[in-house]
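K.L.:
Dropping the structure in here first, questions after.
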Amino acid sequence: RCADRFRTMDATTLRDLPRPGPLGIALGVVRVLGVFALLLLSTVVLLAVALVPVRIGGLRLGVYIAVGAARALLWTTGTRLDVDGAEALRAHRGFVFFNHLAFLDPVALMAVRPVRFLATRGVRRIPLVGIIAQAVGTLFVDRGQDASREQARHEMRAAIAQSPLPVALAPEGGIGPGPGVMPLRHGAFEVAADADADILLVALGFDPPGYAVWEDETLVGPLWRWCARTTPFTITLRALSPALETRPGGVPADPARLALEATERLDAALGATAA
């Protein structure tokens, strides 16, 4: 039961989910409409404030609106966010590496503090979501093209140097089968070392699994499962302090060693959180 908390969706997980009855269908309709209304409103507001050159704490107004929208999205869908280490996450400057479970991962992180994400170019094409992602400064990459990956590396280094916002990404490069993380890509750790920026690891988990994660399906399926449920749903977010040092003693750390240490700490945290 505890180990299942960190497993992503498979056929067994879906079969174990209760089918929505009349109440679940009614809740699903109301919540889905609420989600789309919130996304539409957030898009309009973000586009409007983009024209206002006002900054608070060195950050554009749109960043704070995105944080409020993420929290409102969780409230609208009756999703509980259980956070351990919120202060460490809010105080961190540098990179945030998290295990990738679902489309809700960025929502959970943004609900705690504003960050800039590295996402695949496909996110840009999602209605409303793509506009919001661009408005909050998301960096996009086509992992299948060397030129795009190199451009993303340059943009991440520049983002870290020019802004107090952390850059958040999933170094697995995709959704893993769980409960532990897939092999982490060394390139992400190389970029962090080049930028002289430490890495805060974040372990994410869903309880129960299956409601908001997906594999080989469109976003419609998990969105409906998430909204049409009548049972509690919790996202666990655990920031792992201290951060990984990418340049201990001023010397760039070996990316392979950093990736191994990150894997071990994430796997241990997921198991510890589940227990």
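Naming scheme: A, B, ... for chains in displayed order of the structure tokens; residues 1 onward per chain; ligands 1 onward as shown.
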For the alpha helix (DSSP H) assignment from backbone DSSP, which residues of range 14-238 of chain A qualify? Please present them as a ChimeraX atom specification.

P.N.:
/A:14-16,22-49,61-76,86-91,105-112,129-135,146-162,186-194,220-227

K.L.:
Give me the residues near Val167 in chain A as a compact mmCIF listing (two decimals) with N, CA, C and O atoms, in the first residue's frame, where near means some atom within 9 Å (using only C-alpha atoms) and where sequence neighbours in that chain fewer than 3 positions away do not count.

P.N.:
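Now in selection05.txt:
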```
# COMPACT_ATOMS: atom_id res chain seq x y z
N ARG A 93 18.11 29.19 -4.20
CA ARG A 93 18.46 29.87 -5.45
C ARG A 93 19.36 28.93 -6.24
O ARG A 93 20.40 28.53 -5.76
N GLY A 94 18.96 28.58 -7.42
CA GLY A 94 19.74 27.65 -8.22
C GLY A 94 18.81 26.74 -9.01
O GLY A 94 17.87 27.21 -9.65
N PHE A 95 19.06 25.43 -8.94
CA PHE A 95 18.25 24.46 -9.67
C PHE A 95 17.41 23.64 -8.70
O PHE A 95 17.82 23.39 -7.56
N VAL A 96 16.23 23.23 -9.16
CA VAL A 96 15.37 22.31 -8.43
C VAL A 96 15.14 21.11 -9.33
O VAL A 96 14.57 21.25 -10.42
N PHE A 97 15.58 19.93 -8.90
CA PHE A 97 15.39 18.70 -9.66
C PHE A 97 14.34 17.85 -8.94
O PHE A 97 14.45 17.60 -7.74
N VAL A 115 8.81 29.32 -9.60
CA VAL A 115 10.01 28.77 -10.24
C VAL A 115 9.86 28.91 -11.75
O VAL A 115 8.76 29.16 -12.25
N ARG A 116 10.96 28.75 -12.47
CA ARG A 116 10.92 28.66 -13.93
C ARG A 116 11.16 27.21 -14.30
O ARG A 116 12.06 26.57 -13.75
N PHE A 117 10.38 26.69 -15.22
CA PHE A 117 10.48 25.28 -15.59
C PHE A 117 11.20 25.10 -16.92
O PHE A 117 11.15 25.97 -17.80
N LEU A 118 11.83 23.94 -17.06
CA LEU A 118 12.29 23.47 -18.35
C LEU A 118 11.29 22.41 -18.80
O LEU A 118 11.06 21.43 -18.09
N THR A 138 8.74 29.92 -18.79
CA THR A 138 9.17 28.53 -18.99
C THR A 138 10.17 28.44 -20.14
O THR A 138 10.01 29.11 -21.17
N LEU A 139 11.19 27.63 -19.97
CA LEU A 139 12.18 27.38 -21.01
C LEU A 139 11.79 26.08 -21.72
O LEU A 139 11.45 25.09 -21.07
N MET A 156 19.22 28.19 -19.62
CA MET A 156 19.19 27.88 -18.19
C MET A 156 20.30 28.59 -17.44
O MET A 156 20.08 29.15 -16.36
N ALA A 159 19.32 32.17 -17.19
CA ALA A 159 18.22 32.38 -16.25
C ALA A 159 18.71 32.38 -14.81
O ALA A 159 18.28 33.19 -13.99
N ILE A 160 19.63 31.47 -14.50
CA ILE A 160 20.17 31.40 -13.15
C ILE A 160 20.98 32.65 -12.82
O ILE A 160 20.93 33.20 -11.71
```

K.L.:
Based on DSSP run over this structure's backbone, return all residues of range 118-265 of chain A in strand (DSSP E or B), as number ranges by chain.

P.N.:
A: 118-120, 139-141, 167-169, 199-207, 233-244

K.L.:
Choose the residue, out of A:Pro22, A:Ala195, A:Ile175, A:Gly28, that has the smallest atom-to-atom separation from Gly221 in chain A; count only C-alpha atoms.

P.N.:
A:Gly28

K.L.:
Find the spatial neighbours of Ser42 in chain A, counting only C-alpha atoms, within a cut-off of 9 Å - ignore same-chain residues fewer than 3 positions away - and output them as a PyMOL selection string.

P.N.:
chain A and resi 37-39+45-47+65-66+69+128+132

K.L.:
Generate the output file for the selected residues, N, CA and C atoms, as a PDB file, in the first residue's frame.

P.N.:
```
ATOM      1  N   ALA A  37     -12.220  27.289 -16.449  1.00  0.00           N
ATOM      2  CA  ALA A  37     -12.497  28.694 -16.149  1.00  0.00           C
ATOM      3  C   ALA A  37     -11.280  29.353 -15.495  1.00  0.00           C
ATOM      4  N   LEU A  38     -10.636  28.617 -14.590  1.00  0.00           N
ATOM      5  CA  LEU A  38      -9.453  29.151 -13.914  1.00  0.00           C
ATOM      6  C   LEU A  38      -8.297  29.343 -14.891  1.00  0.00           C
ATOM      7  N   LEU A  39      -8.098  28.371 -15.800  1.00  0.00           N
ATOM      8  CA  LEU A  39      -7.039  28.505 -16.801  1.00  0.00           C
ATOM      9  C   LEU A  39      -7.299  29.683 -17.731  1.00  0.00           C
ATOM     10  N   VAL A  45      -5.424  37.296 -17.361  1.00  0.00           N
ATOM     11  CA  VAL A  45      -4.752  38.164 -16.388  1.00  0.00           C
ATOM     12  C   VAL A  45      -3.250  38.207 -16.644  1.00  0.00           C
ATOM     13  N   LEU A  46      -2.649  37.055 -16.947  1.00  0.00           N
ATOM     14  CA  LEU A  46      -1.213  37.026 -17.194  1.00  0.00           C
ATOM     15  C   LEU A  46      -0.837  37.833 -18.430  1.00  0.00           C
ATOM     16  N   LEU A  47      -1.651  37.749 -19.471  1.00  0.00           N
ATOM     17  CA  LEU A  47      -1.387  38.536 -20.669  1.00  0.00           C
ATOM     18  C   LEU A  47      -1.527  40.029 -20.390  1.00  0.00           C
ATOM     19  N   ILE A  65       0.916  35.793  -9.775  1.00  0.00           N
ATOM     20  CA  ILE A  65      -0.394  35.352 -10.259  1.00  0.00           C
ATOM     21  C   ILE A  65      -0.371  33.858 -10.546  1.00  0.00           C
ATOM     22  N   ALA A  66       0.722  33.365 -11.104  1.00  0.00           N
ATOM     23  CA  ALA A  66       0.849  31.941 -11.386  1.00  0.00           C
ATOM     24  C   ALA A  66       0.834  31.121 -10.103  1.00  0.00           C
ATOM     25  N   ALA A  69      -2.721  31.017  -8.975  1.00  0.00           N
ATOM     26  CA  ALA A  69      -3.507  30.148  -9.848  1.00  0.00           C
ATOM     27  C   ALA A  69      -3.259  28.679  -9.516  1.00  0.00           C
ATOM     28  N   LEU A 128      -4.241  27.111 -23.681  1.00  0.00           N
ATOM     29  CA  LEU A 128      -4.208  27.875 -22.421  1.00  0.00           C
ATOM     30  C   LEU A 128      -2.947  27.558 -21.608  1.00  0.00           C
ATOM     31  N   ILE A 132       0.135  30.133 -20.577  1.00  0.00           N
ATOM     32  CA  ILE A 132       0.527  30.368 -19.188  1.00  0.00           C
ATOM     33  C   ILE A 132       1.997  30.018 -18.982  1.00  0.00           C
TER      34      ILE A 132
END
```

K.L.:
Separation of CA of Leu258 in chain A and CA of Leu101 in chain A, in Å?

P.N.:
21.5 Å

K.L.:
Would you work out the distance separating CA of Ala262 in chain A from CA of Ala239 in chain A, expressed in Å to one decimal?

P.N.:
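Computing it gives 12.4 Å between the two atoms.
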
K.L.:
Expressed in Å to a single decimal, how great is the separation between CA of Tyr211 in chain A and CA of Gly85 in chain A?

P.N.:
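Answer for the CA of Tyr211 in chain A to CA of Gly85 in chain A separation: 24.8 Å.
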
K.L.:
Return the single residue from A:Ala268, A:Asp84, A:Val49, A:Trp75 that is closest to Phe233 in chain A, with distances computed using only C-alpha atoms.

P.N.:
A:Trp75

K.L.:
For Arg71 in chain A, work out the shell of residues within 9 Å, counting only C-alpha atoms and skipping chain neighbours fewer than 2 positions away, then give it as a list in words.

P.N.:
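Counting only C-alpha atoms, the residues come to Ala66, Val67, Gly68, Ala69, Leu73, Leu74, Trp75, Thr76, Val107, Ala108, Met110, Ala111 and Val112 of chain A.
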
K.L.:
Write a file of the selected residues as a JSON list (two decimals), in the first residue's frame, keeping N, CA, C and O atoms.

P.N.:
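File produced: part04.json:
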```json
[["chain", "number", "residue", "atom", "x", "y", "z"],
["A", 66, "ALA", "N", 0.72, 33.37, -11.10],
["A", 66, "ALA", "CA", 0.85, 31.94, -11.39],
["A", 66, "ALA", "C", 0.83, 31.12, -10.10],
["A", 66, "ALA", "O", 0.24, 30.04, -10.05],
["A", 67, "VAL", "N", 1.47, 31.62, -9.05],
["A", 67, "VAL", "CA", 1.44, 30.93, -7.76],
["A", 67, "VAL", "C", 0.01, 30.87, -7.22],
["A", 67, "VAL", "O", -0.46, 29.81, -6.77],
["A", 68, "GLY", "N", -0.70, 31.99, -7.30],
["A", 68, "GLY", "CA", -2.09, 32.01, -6.85],
["A", 68, "GLY", "C", -2.97, 31.08, -7.67],
["A", 68, "GLY", "O", -3.85, 30.40, -7.13],
["A", 69, "ALA", "N", -2.72, 31.02, -8.97],
["A", 69, "ALA", "CA", -3.51, 30.15, -9.85],
["A", 69, "ALA", "C", -3.26, 28.68, -9.52],
["A", 69, "ALA", "O", -4.19, 27.86, -9.53],
["A", 73, "LEU", "N", -6.07, 26.12, -8.27],
["A", 73, "LEU", "CA", -6.34, 24.90, -9.02],
["A", 73, "LEU", "C", -6.43, 23.70, -8.07],
["A", 73, "LEU", "O", -7.33, 22.85, -8.21],
["A", 74, "LEU", "N", -5.53, 23.63, -7.10],
["A", 74, "LEU", "CA", -5.59, 22.54, -6.13],
["A", 74, "LEU", "C", -6.85, 22.64, -5.28],
["A", 74, "LEU", "O", -7.51, 21.62, -5.00],
["A", 75, "TRP", "N", -7.22, 23.85, -4.89],
["A", 75, "TRP", "CA", -8.44, 24.03, -4.08],
["A", 75, "TRP", "C", -9.68, 23.66, -4.89],
["A", 75, "TRP", "O", -10.59, 22.99, -4.37],
["A", 76, "THR", "N", -9.73, 24.08, -6.14],
["A", 76, "THR", "CA", -10.89, 23.81, -6.99],
["A", 76, "THR", "C", -11.13, 22.32, -7.15],
["A", 76, "THR", "O", -12.28, 21.87, -7.22],
["A", 107, "VAL", "N", 2.40, 22.11, -11.02],
["A", 107, "VAL", "CA", 1.38, 22.78, -10.21],
["A", 107, "VAL", "C", 1.75, 22.71, -8.74],
["A", 107, "VAL", "O", 1.67, 23.70, -8.00],
["A", 108, "ALA", "N", 2.18, 21.53, -8.28],
["A", 108, "ALA", "CA", 2.55, 21.36, -6.88],
["A", 108, "ALA", "C", 3.74, 22.25, -6.51],
["A", 108, "ALA", "O", 3.73, 22.92, -5.45],
["A", 110, "MET", "N", 4.79, 25.03, -8.08],
["A", 110, "MET", "CA", 4.42, 26.44, -8.18],
["A", 110, "MET", "C", 3.52, 26.88, -7.04],
["A", 110, "MET", "O", 3.53, 28.06, -6.65],
["A", 111, "ALA", "N", 2.76, 25.97, -6.46],
["A", 111, "ALA", "CA", 1.89, 26.31, -5.34],
["A", 111, "ALA", "C", 2.70, 26.62, -4.08],
["A", 111, "ALA", "O", 2.21, 27.30, -3.17],
["A", 112, "VAL", "N", 3.94, 26.15, -4.02],
["A", 112, "VAL", "CA", 4.80, 26.41, -2.86],
["A", 112, "VAL", "C", 5.62, 27.67, -3.06],
["A", 112, "VAL", "O", 5.75, 28.50, -2.16]]
```

K.L.:
What's around Pro114 in chain A at 9 Å? Count only C-alpha atoms, leave out sequence neighbours fewer than 5 positions away in its own chain, and write the answer as a list in words.

P.N.:
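Counting only the stated atoms, we get Val63, Tyr64, Ala66, Val67, Arg90, Leu109, Val136, Leu165 and Pro166 of chain A.
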